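target-v9.txt follows (compact mmCIF, C-alpha atoms (C1' of nucleotides)):
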```
# COMPACT_ATOMS: atom_id res chain seq x y z
CA MET V 18 99.26 -136.92 -60.18
CA PRO V 19 96.31 -138.78 -61.74
CA PRO V 20 93.11 -139.04 -59.74
CA SER V 21 91.68 -142.32 -58.55
CA LEU V 22 89.98 -143.82 -61.58
CA GLN V 23 87.35 -145.25 -59.24
CA LYS V 24 86.51 -141.72 -58.15
CA VAL V 25 86.32 -140.64 -61.78
CA TYR V 26 84.02 -143.55 -62.49
CA HIS V 27 81.68 -142.97 -59.55
CA HIS V 28 81.54 -139.26 -60.31
CA LEU V 29 80.60 -139.91 -63.94
CA TYR V 30 78.09 -142.58 -63.07
CA LYS V 31 76.46 -140.31 -60.52
CA SER V 32 76.11 -137.43 -62.98
CA MET V 33 75.26 -139.34 -66.17
CA GLY V 34 73.86 -142.68 -65.03
CA SER V 35 73.92 -146.01 -66.85
CA GLN V 36 74.53 -145.83 -70.60
CA HIS V 37 72.96 -149.26 -71.18
CA TRP V 38 75.68 -150.67 -73.41
CA TRP V 39 76.12 -152.40 -75.80
CA PRO V 40 73.17 -151.26 -77.90
CA GLY V 41 72.70 -154.64 -79.57
CA GLU V 42 70.16 -157.40 -79.04
CA THR V 43 72.37 -160.47 -79.37
CA PRO V 44 76.06 -161.33 -78.96
CA PHE V 45 76.31 -161.79 -82.72
CA GLU V 46 74.82 -158.37 -83.37
CA VAL V 47 77.39 -156.93 -80.98
CA CYS V 48 80.22 -158.61 -82.92
CA VAL V 49 78.95 -157.28 -86.23
CA GLY V 50 78.45 -153.83 -84.73
CA ALA V 51 81.96 -153.84 -83.28
CA ILE V 52 83.43 -154.28 -86.75
CA LEU V 53 81.05 -151.89 -88.46
CA THR V 54 81.61 -149.06 -85.98
CA GLN V 55 85.35 -148.82 -86.65
CA ASN V 56 86.04 -145.10 -87.10
CA THR V 57 82.34 -144.61 -87.78
CA ASN V 58 79.40 -142.89 -86.13
CA TRP V 59 77.05 -145.34 -84.46
CA THR V 60 73.94 -143.97 -86.20
CA ASN V 61 75.45 -145.06 -89.51
CA VAL V 62 76.11 -148.51 -88.09
CA GLU V 63 72.49 -148.78 -86.98
CA LYS V 64 71.33 -148.27 -90.55
CA ALA V 65 73.62 -151.04 -91.77
CA ILE V 66 72.51 -153.45 -89.05
CA SER V 67 68.91 -152.57 -89.76
CA ASN V 68 69.46 -153.55 -93.40
CA LEU V 69 70.84 -156.91 -92.34
CA LYS V 70 67.93 -157.49 -89.96
CA LYS V 71 65.30 -156.59 -92.54
CA ALA V 72 66.89 -159.05 -94.94
CA HIS V 73 66.89 -161.69 -92.16
CA LEU V 74 70.60 -162.17 -92.65
CA LEU V 75 71.88 -161.40 -89.17
CA THR V 76 73.06 -164.89 -88.28
CA PRO V 77 76.59 -166.29 -88.63
CA GLN V 78 75.47 -168.95 -91.11
CA ARG V 79 73.49 -166.65 -93.42
CA LEU V 80 76.01 -163.83 -93.35
CA HIS V 81 78.76 -166.31 -94.10
CA GLN V 82 76.90 -167.48 -97.24
CA LEU V 83 76.61 -163.95 -98.63
CA ASP V 84 78.83 -162.85 -101.50
CA HIS V 85 80.99 -159.76 -101.18
CA GLN V 86 78.94 -157.47 -103.42
CA ARG V 87 75.68 -158.16 -101.65
CA LEU V 88 77.17 -157.81 -98.18
CA ALA V 89 78.97 -154.60 -99.12
CA GLN V 90 75.78 -153.02 -100.45
CA LEU V 91 73.81 -153.95 -97.33
CA ILE V 92 76.37 -152.40 -94.98
CA ARG V 93 76.99 -149.39 -97.22
CA PRO V 94 75.62 -146.79 -94.75
CA ALA V 95 78.34 -147.74 -92.24
CA GLY V 96 81.05 -146.46 -94.59
CA TYR V 97 84.25 -148.24 -95.72
CA PHE V 98 81.81 -150.85 -96.95
CA ASN V 99 84.24 -152.79 -99.14
CA ILE V 100 86.80 -153.09 -96.39
CA LYS V 101 84.23 -153.88 -93.72
CA ALA V 102 82.62 -156.55 -95.89
CA LYS V 103 86.04 -158.21 -96.06
CA ARG V 104 86.54 -157.85 -92.32
CA LEU V 105 83.15 -159.34 -91.53
CA ALA V 106 83.88 -162.19 -93.92
CA ALA V 107 87.23 -162.82 -92.24
CA PHE V 108 85.57 -162.94 -88.82
CA LEU V 109 82.85 -165.26 -90.13
CA ASP V 110 85.41 -167.57 -91.75
CA TYR V 111 87.15 -167.80 -88.40
CA LEU V 112 83.92 -168.30 -86.44
CA MET V 113 82.68 -171.03 -88.79
CA GLU V 114 85.96 -172.87 -89.05
CA ALA V 115 87.03 -172.71 -85.41
CA TYR V 116 83.64 -172.86 -83.66
CA GLU V 117 81.10 -174.06 -86.22
CA GLY V 118 79.53 -170.62 -86.16
CA ASP V 119 78.73 -170.98 -82.47
CA LEU V 120 79.55 -167.85 -80.47
CA GLY V 121 78.63 -169.60 -77.22
CA LEU V 122 81.33 -172.14 -77.96
CA MET V 123 83.78 -169.39 -78.89
CA PHE V 124 83.27 -167.58 -75.61
CA GLN V 125 83.96 -170.75 -73.63
CA LYS V 126 87.57 -170.14 -74.54
CA SER V 127 89.78 -168.38 -72.00
CA LEU V 128 90.14 -164.62 -72.22
CA THR V 129 93.78 -164.37 -73.22
CA GLY V 130 93.62 -167.24 -75.70
CA LEU V 131 90.52 -165.93 -77.38
CA ARG V 132 91.89 -162.39 -77.51
CA GLU V 133 94.94 -163.65 -79.41
CA GLU V 134 92.73 -165.56 -81.84
CA LEU V 135 90.57 -162.52 -82.50
CA LEU V 136 93.61 -160.30 -83.04
CA ALA V 137 94.86 -162.79 -85.62
CA VAL V 138 91.74 -162.16 -87.74
CA LYS V 139 92.47 -159.55 -90.42
CA GLY V 140 90.40 -156.50 -89.61
CA ILE V 141 90.11 -157.10 -85.88
CA GLY V 142 92.46 -154.91 -83.86
CA PRO V 143 92.71 -154.32 -80.10
CA GLU V 144 89.59 -152.19 -79.67
CA THR V 145 87.36 -154.41 -81.80
CA ALA V 146 88.66 -157.55 -80.08
CA ASP V 147 88.16 -156.11 -76.61
CA SER V 148 84.68 -154.79 -77.48
CA ILE V 149 83.68 -158.25 -78.64
CA LEU V 150 85.16 -159.87 -75.53
CA LEU V 151 83.52 -157.44 -73.10
CA TYR V 152 80.19 -156.63 -74.71
CA ALA V 153 79.42 -159.87 -76.55
CA GLY V 154 81.30 -162.31 -74.32
CA ASN V 155 80.95 -160.70 -70.88
CA LYS V 156 84.69 -161.04 -70.38
CA SER V 157 86.47 -158.78 -67.93
CA VAL V 158 88.49 -156.53 -70.27
CA PHE V 159 88.91 -152.78 -70.36
CA VAL V 160 88.14 -151.28 -73.78
CA VAL V 161 90.23 -148.31 -74.84
CA ASP V 162 89.22 -146.04 -77.69
CA ALA V 163 90.05 -142.66 -79.18
CA TYR V 164 87.71 -140.91 -76.74
CA THR V 165 89.34 -142.54 -73.73
CA ARG V 166 92.80 -141.56 -74.91
CA ARG V 167 91.75 -137.98 -75.61
CA ILE V 168 90.05 -137.60 -72.22
CA PHE V 169 93.00 -139.07 -70.35
CA LEU V 170 95.50 -136.95 -72.30
CA ARG V 171 93.64 -133.71 -71.80
CA HIS V 172 93.35 -134.26 -68.10
CA GLY V 173 97.04 -135.06 -67.87
CA TRP V 174 96.49 -138.58 -66.54
CA ILE V 175 98.69 -140.14 -69.22
CA GLY V 176 101.44 -138.96 -71.55
CA GLU V 177 101.49 -138.79 -75.36
CA ASP V 178 103.57 -141.97 -75.37
CA PHE V 179 100.71 -144.08 -73.97
CA ASP V 180 99.43 -146.40 -76.69
CA TYR V 181 96.42 -148.74 -76.55
CA ALA V 182 98.16 -151.41 -74.49
CA ALA V 183 99.66 -148.89 -72.06
CA ILE V 184 96.32 -147.19 -71.41
CA GLN V 185 94.60 -150.54 -70.96
CA GLU V 186 97.26 -151.71 -68.55
CA TYR V 187 97.02 -148.48 -66.58
CA CYS V 188 93.24 -148.73 -66.27
CA MET V 189 93.11 -152.42 -65.44
CA GLY V 190 95.75 -151.86 -62.80
CA ALA V 191 93.81 -149.00 -61.24
CA LEU V 192 90.33 -150.57 -61.29
CA PRO V 193 88.90 -153.78 -59.86
CA ALA V 194 88.45 -156.53 -62.48
CA ASP V 195 84.70 -156.10 -62.74
CA ARG V 196 83.07 -156.57 -66.12
CA ALA V 197 80.04 -154.49 -65.16
CA LEU V 198 82.36 -151.65 -64.22
CA PHE V 199 84.40 -151.99 -67.41
CA ASN V 200 81.19 -152.07 -69.41
CA GLU V 201 79.89 -148.86 -67.91
CA PHE V 202 83.24 -147.09 -67.76
CA HIS V 203 83.88 -147.36 -71.47
CA ALA V 204 80.33 -146.32 -72.31
CA LEU V 205 80.73 -143.28 -70.06
CA MET V 206 84.00 -142.39 -71.79
CA VAL V 207 82.22 -142.43 -75.14
CA ARG V 208 79.46 -140.24 -73.75
CA VAL V 209 81.91 -137.71 -72.31
CA GLY V 210 83.89 -137.80 -75.55
CA LYS V 211 80.85 -137.14 -77.68
CA ASP V 212 79.24 -134.50 -75.52
CA TYR V 213 82.14 -132.63 -73.91
CA CYS V 214 85.70 -133.74 -74.61
CA ARG V 215 85.35 -133.00 -78.30
CA PRO V 216 87.95 -131.70 -80.75
CA ARG V 217 86.66 -128.34 -79.57
CA PRO V 218 86.21 -129.05 -75.88
CA ARG V 219 83.23 -128.00 -73.80
CA CYS V 220 84.84 -128.10 -70.39
CA GLU V 221 82.53 -125.55 -68.76
CA THR V 222 79.63 -127.98 -68.61
CA CYS V 223 81.63 -131.23 -68.52
CA PRO V 224 81.08 -133.57 -65.55
CA LEU V 225 84.87 -134.05 -65.43
CA LYS V 226 85.50 -130.33 -65.02
CA SER V 227 86.59 -130.78 -61.40
CA PHE V 228 89.24 -133.28 -62.54
CA LEU V 229 91.04 -130.84 -64.84
CA PRO V 230 94.58 -130.02 -63.74
CA GLU V 231 95.66 -126.51 -62.79
CA GLY V 232 95.93 -124.47 -65.94
CA GLY V 233 93.18 -126.24 -67.85
CA ILE V 234 93.34 -128.92 -70.52
CA GLN V 235 96.57 -130.53 -71.61
CA GLY V 236 97.88 -131.65 -74.95
CA GLY V 237 97.81 -130.26 -78.42
CA PHE V 238 94.27 -131.05 -79.46
C1' DG M 22 81.70 -127.01 -97.40
C1' DA M 23 84.80 -128.38 -94.04
C1' DC M 24 84.91 -131.29 -90.14
C1' DC M 25 84.01 -135.35 -87.58
C1' DA M 26 82.89 -140.26 -86.35
C1' DG M 27 83.10 -146.06 -80.73
C1' DG M 28 90.07 -148.47 -86.34
C1' DC M 29 92.81 -151.17 -88.94
C1' DA M 30 96.16 -152.84 -92.37
C1' DC M 31 99.57 -151.77 -95.29
C1' DA M 32 103.27 -148.92 -97.61
C1' DT M 33 107.16 -146.32 -97.05
C1' DC M 34 110.96 -144.26 -94.95
C1' DG D 30 110.09 -148.95 -85.37
C1' DA D 31 107.78 -144.67 -86.35
C1' DT D 32 104.93 -142.18 -89.41
C1' DG D 33 101.63 -141.57 -93.32
C1' DT D 34 97.71 -143.03 -96.06
C1' DG D 35 93.50 -145.33 -97.92
C1' DC D 36 89.12 -146.70 -96.80
C1' DA D 37 83.46 -143.87 -97.42
C1' DT D 38 79.00 -142.78 -95.56
C1' DG D 39 76.06 -139.43 -93.23
C1' DG D 40 75.31 -135.88 -89.55
C1' DT D 41 76.70 -131.18 -87.74
```
Translate this structure into structure tokens?
Amino acid sequence: MPPSLQKVYHHLYKSMGSQHWWPGETPFEVCVGAILTQNTNWTNVEKAISNLKKAHLLTPQRLHQLDHQRLAQLIRPAGYFNIKAKRLAAFLDYLMEAYEGDLGLMFQKSLTGLREELLAVKGIGPETADSILLYAGNKSVFVVDAYTRRIFLRHGWIGEDFDYAAIQEYCMGALPADRALFNEFHALMVRVGKDYCRPRPRCETCPLKSFLPEGGIQGGF
DNA sequence: GACCAGGCACATC
DNA sequence: GATGTGCATGGT
């Protein structure tokens, strides 16, 4: 029997506090970061974003003008630089063509409609789309990631058959539709995932220790 | 020197 | 429809 996710949230917030997400200064920076951080450590993403800032290229219009080689070299520290240059370009093509490069205009669109549009962009999957919607657009969406899935699996709250959509549905059904809560919840999941619920778990000191089922962690991690 | 990191698209069966 | 693989840097 899974615990109340609200209890989990309040417990985590009480022990770890606000995580102050997303660590980006503007909605556009959040969008770029969301693509660059795919399967990548955030510190590497910071280097790439720093390169773009130093070159004064962190605007939709300027980034859209950049050729592939130059963009790829600038974002090199974030890894997968050729693929991510293509993904950024695809997002920028979409943003320029559909919204004249205006994120404010883009986010005027309804949540479900915009989510579908974002998912249609090559290189933007569910987590990237939802991160953009929540952290750049202040939309009320729950972001699922590998950490969330691992934490939920290990505590026996979900089964192995739960995919992204199933986990998202479960969480949004169990929590009030509050974007501030969704914002903090996901950030706390990442924190727990990084510090405790690692490939080699550190349950002894984990804030979620009291939520472990009888017999300890679940799953084959 | 492995292992890991805030995914995703595509190939293959 | 499920499963496997390529993409790549930088920290532990």
Practice task
Could the residues of chain V within 6 Å of chain M, counting all atoms listed in the file, be given as a PyMOL selection string, please?
Solution key: chain V and resi 55-58+140
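Proximity ranking of V:Gly173, V:Asp119, V:Glu186, V:Phe199 relative to Gly232 (chain V) places V:Gly173 first, based on only C-alpha atoms.
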Any idea which chain D residues end up within 10 Å of chain V if we count only C-alpha atoms (C1' of nucleotides), as a short mmCIF file (atom, residue, chain, number, x, y, z; two decimals) with C-alpha atoms (C1' of nucleotides), in the coordinates of the input please?
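Now in iface_39.cif:
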```cif
data_model
loop_
_atom_site.label_atom_id
_atom_site.label_comp_id
_atom_site.auth_asym_id
_atom_site.auth_seq_id
_atom_site.Cartn_x
_atom_site.Cartn_y
_atom_site.Cartn_z
"C1'" DG D 35 93.50 -145.33 -97.92
"C1'" DC D 36 89.12 -146.70 -96.80
"C1'" DA D 37 83.46 -143.87 -97.42
"C1'" DT D 38 79.00 -142.78 -95.56
"C1'" DG D 39 76.06 -139.43 -93.23
"C1'" DG D 40 75.31 -135.88 -89.55
#
```
Exercise for the section: Would you mind listing what lies within 6 Å of region 149-159 of chain V as a PyMOL selection string, with all atoms listed in the file counted and same-chain residues fewer than 3 positions away left out? Expected result: chain V and resi 39+44+47-48+124+146+196+199
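Here CA of Ala191 (chain V) is placed at a distance of 23.4 Å from CA of Gly142 (chain V).
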Exercise for the section: May I have the protein, DNA and RNA residues with an atom at most 10 Å from (91.6, -137.8, -71.9), counting all atoms listed in the file in the file's coordinates, returned as a list in words? Expected result: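 Output: Ala163, Tyr164, Thr165, Arg166, Arg167, Ile168, Phe169, Leu170, Arg171, His172, Gly173, Trp174, Ile175, Gly176, Met206, Val209, Gly210, Cys214, Leu229, Ile234, Gln235 and Gly236 of chain V.
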Problem - region 110-117 of chain V environment, 8 Å, all atoms listed in the file, sequence neighbours closer than 6 positions dropped, as an MDAnalysis selection string - result: chainID V and resid 77:78 81 123 138
Handout entry: Two-atom distance - CA of Gly50 (chain V), CA of His73 (chain V) (Å)
Key =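 CA of Gly50 (chain V) sits 15.8 Å away from CA of His73 (chain V).
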Problem - Closest of V:Gln86, V:Thr43, V:Gln185, V:Asp147 to Leu131 (chain V) - atom-to-atom distances counting all atoms listed in the file - result: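 The shortest atom-to-atom distance to Leu131 (chain V) comes from V:Asp147.
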Box along x, y and z, 8 Å on every side, all listed atoms of region 23-32 of chain M inside: centre and edge lengths in Å to one decimal, as AutoDock Vina command-line options.
```
--center_x 93.1 --center_y -140.6 --center_z -89.2 --size_x 36.4 --size_y 40.5 --size_z 32.9
```
Tell me, as a CSV table (one decimal) with C-alpha atoms, in the coordinates of the input, which residues lie within 9 Å of Thr76 (chain V), counting only C-alpha atoms (C1' of nucleotides); anything in the same chain fewer than 6 positions away does not count.
```csv
chain,number,residue,atom,x,y,z
V,45,PHE,CA,76.3,-161.8,-82.7
V,46,GLU,CA,74.8,-158.4,-83.4
V,118,GLY,CA,79.5,-170.6,-86.2
```
Practice task
Take CA of Glu134 (chain V) and CA of Asp178 (chain V) and report the distance between them in Å, one decimal.
Solution key: 26.8 Å
As a short mmCIF file (atom, residue, chain, number, x, y, z; two decimals), in the coordinates of the input, please: region 203-236 of chain V completed to N, CA and C atoms.
```
data_model
loop_
_atom_site.label_atom_id
_atom_site.label_comp_id
_atom_site.auth_asym_id
_atom_site.auth_seq_id
_atom_site.Cartn_x
_atom_site.Cartn_y
_atom_site.Cartn_z
N HIS V 203 83.62 -147.67 -70.06
CA HIS V 203 83.88 -147.36 -71.47
C HIS V 203 82.72 -146.58 -72.09
N ALA V 204 81.51 -147.01 -71.77
CA ALA V 204 80.33 -146.32 -72.31
C ALA V 204 80.30 -144.87 -71.84
N LEU V 205 80.69 -144.65 -70.59
CA LEU V 205 80.73 -143.28 -70.06
C LEU V 205 81.81 -142.46 -70.75
N MET V 206 82.94 -143.08 -71.06
CA MET V 206 84.00 -142.39 -71.79
C MET V 206 83.49 -141.91 -73.16
N VAL V 207 82.76 -142.80 -73.83
CA VAL V 207 82.22 -142.43 -75.14
C VAL V 207 81.24 -141.26 -75.00
N ARG V 208 80.43 -141.32 -73.98
CA ARG V 208 79.46 -140.24 -73.75
C ARG V 208 80.15 -138.91 -73.48
N VAL V 209 81.16 -138.94 -72.61
CA VAL V 209 81.91 -137.71 -72.31
C VAL V 209 82.63 -137.22 -73.56
N GLY V 210 83.18 -138.16 -74.33
CA GLY V 210 83.89 -137.80 -75.55
C GLY V 210 82.98 -137.15 -76.57
N LYS V 211 81.80 -137.68 -76.70
CA LYS V 211 80.85 -137.14 -77.68
C LYS V 211 80.30 -135.78 -77.25
N ASP V 212 79.96 -135.69 -75.97
CA ASP V 212 79.24 -134.50 -75.52
C ASP V 212 80.14 -133.35 -75.05
N TYR V 213 81.32 -133.69 -74.53
CA TYR V 213 82.14 -132.63 -73.91
C TYR V 213 83.58 -132.59 -74.38
N CYS V 214 84.27 -133.73 -74.31
CA CYS V 214 85.70 -133.74 -74.61
C CYS V 214 85.91 -133.89 -76.11
N ARG V 215 85.36 -132.98 -76.84
CA ARG V 215 85.35 -133.00 -78.30
C ARG V 215 86.60 -132.33 -78.84
N PRO V 216 86.81 -132.42 -80.17
CA PRO V 216 87.95 -131.70 -80.75
C PRO V 216 87.97 -130.24 -80.27
N ARG V 217 86.78 -129.63 -80.25
CA ARG V 217 86.66 -128.34 -79.57
C ARG V 217 85.96 -128.59 -78.25
N PRO V 218 86.74 -128.61 -77.18
CA PRO V 218 86.21 -129.05 -75.88
C PRO V 218 85.15 -128.13 -75.28
N ARG V 219 84.26 -128.75 -74.52
CA ARG V 219 83.23 -128.00 -73.80
C ARG V 219 83.40 -128.26 -72.30
N CYS V 220 84.50 -127.78 -71.78
CA CYS V 220 84.84 -128.10 -70.39
C CYS V 220 83.91 -127.44 -69.38
N GLU V 221 83.35 -126.31 -69.72
CA GLU V 221 82.53 -125.55 -68.76
C GLU V 221 81.39 -126.38 -68.19
N THR V 222 80.78 -127.20 -69.05
CA THR V 222 79.63 -127.98 -68.61
C THR V 222 79.96 -129.46 -68.42
N CYS V 223 81.23 -129.82 -68.59
CA CYS V 223 81.63 -131.23 -68.52
C CYS V 223 81.62 -131.75 -67.09
N PRO V 224 81.08 -132.96 -66.89
CA PRO V 224 81.08 -133.57 -65.55
C PRO V 224 82.49 -133.76 -65.00
N LEU V 225 83.49 -133.83 -65.88
CA LEU V 225 84.87 -134.05 -65.43
C LEU V 225 85.61 -132.74 -65.16
N LYS V 226 84.87 -131.64 -65.20
CA LYS V 226 85.50 -130.33 -65.02
C LYS V 226 86.37 -130.26 -63.77
N SER V 227 85.87 -130.86 -62.68
CA SER V 227 86.59 -130.78 -61.40
C SER V 227 87.87 -131.61 -61.41
N PHE V 228 88.04 -132.45 -62.46
CA PHE V 228 89.24 -133.28 -62.54
C PHE V 228 90.31 -132.66 -63.43
N LEU V 229 90.03 -131.51 -64.00
CA LEU V 229 91.04 -130.84 -64.84
C LEU V 229 92.20 -130.38 -63.97
N PRO V 230 93.43 -130.49 -64.50
CA PRO V 230 94.58 -130.02 -63.74
C PRO V 230 94.62 -128.49 -63.69
N GLU V 231 95.45 -127.96 -62.82
CA GLU V 231 95.66 -126.51 -62.79
C GLU V 231 96.10 -126.06 -64.17
N GLY V 232 95.52 -124.98 -64.64
CA GLY V 232 95.93 -124.47 -65.94
C GLY V 232 95.11 -125.01 -67.10
N GLY V 233 94.09 -125.80 -66.80
CA GLY V 233 93.18 -126.24 -67.85
C GLY V 233 93.67 -127.45 -68.62
N ILE V 234 93.08 -127.69 -69.80
CA ILE V 234 93.34 -128.92 -70.52
C ILE V 234 94.76 -129.01 -71.04
N GLN V 235 95.21 -130.24 -71.17
CA GLN V 235 96.57 -130.53 -71.61
C GLN V 235 96.56 -130.99 -73.07
N GLY V 236 97.73 -131.07 -73.62
CA GLY V 236 97.88 -131.65 -74.95
C GLY V 236 97.60 -130.68 -76.07
#
```
